[in-house]
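*Asks:* This structure is in structure tokens; I'll ask about it shortly.
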Amino acid sequence: MKVTAVHGDGVTDTARDAAGPAPAPARARDWPPLPRRPRPRPPWSLLAIRAPIPRAARWTLTVLSLAIPLAAWIVISAAGAVSATFLPSPRAVLVAGVDMAGSGELLADLWATTQRVLYGFGLAVLVSVPLGIVMGTFHAGRAAFEPLIGLLRYLPASAFIPLLIIWLGLGEPSKIALLFIGTVFFNTLMTADVVRGVPRELINVSYTLGARRGEVLRKVIVPHSLPGMIDAIRVNAAAAWNFVVVAELINATAGLGHRIVRSQRFLQTDKIFAVLIVIALVGVTIDVALRLVRARVGRWVG
């Protein structure tokens, strides 16, 4: 027995069966077939995104990054393309550095500069790290301090030199203050950004387990943020060494910046290059030391 159903549109099931299945939507019929693509070959390990490379390749690239500029320097000096007054040879720079080290003036200047960095940047770290923790942890701290610090960080530290000379004189306090002003604001904001990156879930779990506010701050927020704080200090330590040379250009009697100015007066570019190389070596040493500290104290963060 065949049953025919009539729908509201007046079309029966029998008529629909005779007409066949409903046509596909126009958009579906217009889609072109997917192209057949060959399986991609794995990229070269040196160009793969965030892929580890062999240790030998890493060391080779590291050596080449230093050897190629040095070789170019040697070739240009040997060819005489640039006067030795403007570009001394590597040998002349080495001899000048050995002479300054032998006379003791290089070590004395290095120690004077290092002391200024320790005082100026050390004071900036002592101020910026606690202030950054407050700004990154509490919304009230961010609202109270970030507008002013965000404004002051755009003021060039060198623009404060005339004021610092008027306020503090030409001695050591003005040089240390310049280092402090040049680094404290950036280190504060970078520390605050690191603290704000602590996952909210860790804080909520700590409160759920019964931790107090002070315990969450000491045992969760600060340990989790410590590697990032060290990275901020590592970045701003380079800025401190830039500012100390600027500070020593003003009425300094010792320091690497003072040695550069003194050598410039007598066109002793070989001594200038030697001092610049010393600054670079000290900076690399500080950077590597802070990287090792970060790797050791930040193992739990990953």
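A note on labels: chains of the structure tokens are A, B, ... as shown, every chain counts residues from 1, and ligands are counted from 1 in their shown order.
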Could you pull out the residues in range 73-158 of chain A that DSSP calls alpha helix (DSSP H) from the backbone, as a ChimeraX atom specification?
*Replies:* /A:73-79,90-103,105-137,139-152
*Asks:* Of the candidates A:Ile250, A:Gly80, A:Leu46, A:Gly214, which shows the shortest atom-to-atom distance to Leu164 in chain A, using only C-alpha atoms?
*Replies:*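 Among the listed residues, the smallest separation from Leu164 in chain A belongs to A:Ile250.
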*Asks:* Find the residues near Ala192 in chain A: any atom within 12 Å, counting only C-alpha atoms, skip ones fewer than 5 places away on the same chain, and give them as a ChimeraX atom specification.
*Replies:* /A:128-139,141-142,145-146,149-150,185-187,197-198,221-222,225-226,228-229,232
*Asks:* Excluding Leu106 in chain A and any residue of its chain fewer than 3 positions from it, enumerate the residues within 9 Å of it, using only C-alpha atoms, and give them as a PyMOL selection string.
*Replies:* chain A and resi 97+99-103+109-111+255-256+259+275
*Asks:* Hey, can you check how far CA of Leu47 in chain A sits from CA of Ala67 in chain A?
*Replies:*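 We find that CA of Leu47 in chain A and CA of Ala67 in chain A lie 21.7 Å from each other.
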